[in-house]
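Heads up, the thing below is written out as structure tokens.
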Amino acid sequence: MTDEYTYFAPTGGLPDQNTRARERAVFTNSYAVIPQGVMSDIVVSYLPGWTGTRAWVLARPLTGFAETFAQLIVEVSPGGGATDPEPDPMAECVIFVLAGHVELSLGGRDHALEPGSYVFVAPGDAYSVKNSGDTPATFVWVRKRYEPAPGLDLPESFVTADREKAPVEMPDTQGSWSTSRFVDPEDLRYDFHVNIVTFLPGGTIPFAETHVMEHGLYVLQGRGVYLLNQDWVEVSEGDFLWLRAFCPQACYAAGRRPFRYLLYKDVNRHPKLDLA
């Protein structure tokens with residue numbers, strides 16, 4: 001990782017009373033855009049079992065919206081946290097730290113997390129989190145109920161960081177489009193991936209991807225223009241996008257800094273043949 005990589009963390013507050021009400025927020029039956037400007041104090045939630053903590057819920061399983069995952073931005077005050085964060089025994093999660101310092105206990109080991117730290121917690125593994133610093137700690141928390149498959153063991157928990165994963169360049173892009181993969185795509189134990197996609201200025205997805213995977217996309221840095229279904233939408237750091245399965249999508253980087261986002265997708269399982 002280079003020093004130019006940064007991670008945007010919302011800080012809440014309320015807009016000035018003279019601010020116009022119109023924002024870039026969009027909600028359709030194929031995609032949604034939740035811009036960072038609407039992540040204010042009045043839309044936070046407080047979570048049972050957590051102290052000194054508030055969260056912006058960006059996605060949750062809901063008819064006509066996200067179907068496979070929940071995604072939150074969690075802000076923990078100094079000394080706050082949770083000794084048993086996960087209420088669902090079949091849930092797995094990824095934690096990606098945006099700001100501050102988090103003390104994580106997982107599998108009998110303690111880990112000091114900082115911005116760019118990445119954690120995968122397998123279903124059933126106990127863990128705890130605590131803000132060990134003197135400023136708020138903020139992280140993305142992506143949760144999914146694990147889908148077992150015959151012949152496959154449970155995935156393994158691990159702790160790593162953005163800087164520890166060399167981005168893999170997409171073919172014939174001269175490095176302008178790359179992906180930092182935290183799980184081997186061929187390891188079928190893992191039924192979802194949360195990767196970091198990076199576009200350097202001028203980088204682009206030059207075709208409309210249309211696929212079964214659902215996406216949750218949080219912009220870590222920079223800005224870009226995204227094709228969502230038939231609409232071109234400007235997005236920038238701190239914005240969240242939800243993309244329904246089969247929503248056509250493409251993008252290009254704008255501005256002078258890398259355009260980077262954290263990307264959820266569901267993978268490696270047979271399509272269900274019922275809607276239950």
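Following the order of the structure tokens, chains are lettered A, B, ..., residues in each are numbered from 1, and ligands are numbered from 1.
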
Under the rule of at most 12 Å, produce a per-residue listing of stretch 144-218 of chain A near stretch 33-42 of chain A: chain, number, name, the closest pair of atoms, and the distance in Å, as a tab-separated table, using only C-alpha atoms.
```
residue	atom	partner	partner_atom	distance
A:His215	CA	A:Val33	CA	11.9
A:Gly216	CA	A:Val33	CA	10.2
A:Leu217	CA	A:Val33	CA	9.5
A:Tyr218	CA	A:Ile34	CA	9.6
```

Excluding same-chain residues fewer than 4 positions from stretch 170-183 of chain A, what lies within 9 Å of it counting only C-alpha atoms, as a list in words?
-> Tyr118, Thr160, Ala161, Asp162, Lys165, Ala166, Asp187, Tyr190, His193, Val194, Asn195, Ile196, Val197, Thr198, Phe199, Leu200, Pro201, Gly202, Gly203, Thr204 and Ile205 of chain A

Taken to one decimal, the atom CA of A:Ser128-atom CA of A:Asp84 distance is 5.7 Å

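The gap separating atom CA of A:Ser157 from atom CA of A:Tyr261 is 22.4 Å, in Å to one decimal.
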
note - atom CA of A:Ala66 and atom CA of A:Ser236 are separated by 21.4 Å

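The closest residue to A:Phe96, picked from A:Arg143, A:Arg54, A:His270, A:Arg60 and counting only C-alpha atoms, is A:Arg143.
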
Residues near A:Val235, anyone? I mean within 7 Å using only C-alpha atoms, not counting same-chain ones fewer than 6 positions away, as an mmCIF file with C-alpha atoms, in the first residue's frame.
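As a result, result39.cif now contains:
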```cif
data_model
loop_
_atom_site.group_PDB
_atom_site.id
_atom_site.type_symbol
_atom_site.label_atom_id
_atom_site.label_comp_id
_atom_site.auth_asym_id
_atom_site.auth_seq_id
_atom_site.Cartn_x
_atom_site.Cartn_y
_atom_site.Cartn_z
ATOM 1 C CA ARG A 223 -14.405 9.841 -6.720
ATOM 2 C CA GLY A 224 -15.779 8.230 -9.828
ATOM 3 C CA VAL A 225 -18.754 7.971 -12.144
#
```

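Minimum distance to A:Val121 across A:Ser77, A:Asn18, A:Ser105, A:Thr6 (counting only C-alpha atoms) occurs at A:Ser105.
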
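With only C-alpha atoms as the atoms that count, the residue of A:Val159, A:Met90, A:Ala245, A:Val76 with the shortest distance to A:Val212 is A:Ala245.
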
Using backbone DSSP assignments, extract all strand (DSSP E) residues from stretch 75-184 of chain A; output them as a VMD selection string.
-> chain A and resid 75 to 82 91 to 99 102 to 106 109 to 113 117 to 121 127 to 131 137 to 145 158 to 161 168 to 169 177 to 180

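Excluding A:Pro248 itself and any same-chain residue fewer than 3 positions from it, the protein and nucleic acid residues within 10 Å of it, counting only C-alpha atoms, are Ser30, Tyr31, Phe207, Ala208, Glu209, Thr210, His211, Leu227, Leu228, Asn229, Gln230, Asp231, Leu243, Arg244 and Ala245 of chain A.
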
Could the residues in this selection be written to a file with C-alpha atoms, as an mmCIF file, in the first residue's frame?
```cif
data_model
loop_
_atom_site.group_PDB
_atom_site.id
_atom_site.type_symbol
_atom_site.label_atom_id
_atom_site.label_comp_id
_atom_site.auth_asym_id
_atom_site.auth_seq_id
_atom_site.Cartn_x
_atom_site.Cartn_y
_atom_site.Cartn_z
ATOM 1 C CA SER A 30 -32.229 -2.169 -8.986
ATOM 2 C CA TYR A 31 -29.797 0.025 -7.031
ATOM 3 C CA PHE A 207 -18.351 -2.707 -20.280
ATOM 4 C CA ALA A 208 -21.619 -3.103 -18.400
ATOM 5 C CA GLU A 209 -21.071 -5.999 -16.009
ATOM 6 C CA THR A 210 -24.325 -7.916 -15.545
ATOM 7 C CA HIS A 211 -24.157 -10.820 -13.100
ATOM 8 C CA LEU A 227 -23.190 3.230 -14.406
ATOM 9 C CA LEU A 228 -26.091 1.807 -12.376
ATOM 10 C CA ASN A 229 -28.700 0.134 -14.557
ATOM 11 C CA GLN A 230 -29.177 2.904 -17.170
ATOM 12 C CA ASP A 231 -28.044 5.854 -15.034
ATOM 13 C CA LEU A 243 -26.528 -3.114 -6.482
ATOM 14 C CA ARG A 244 -29.178 -5.763 -6.951
ATOM 15 C CA ALA A 245 -28.319 -9.025 -8.720
#
```
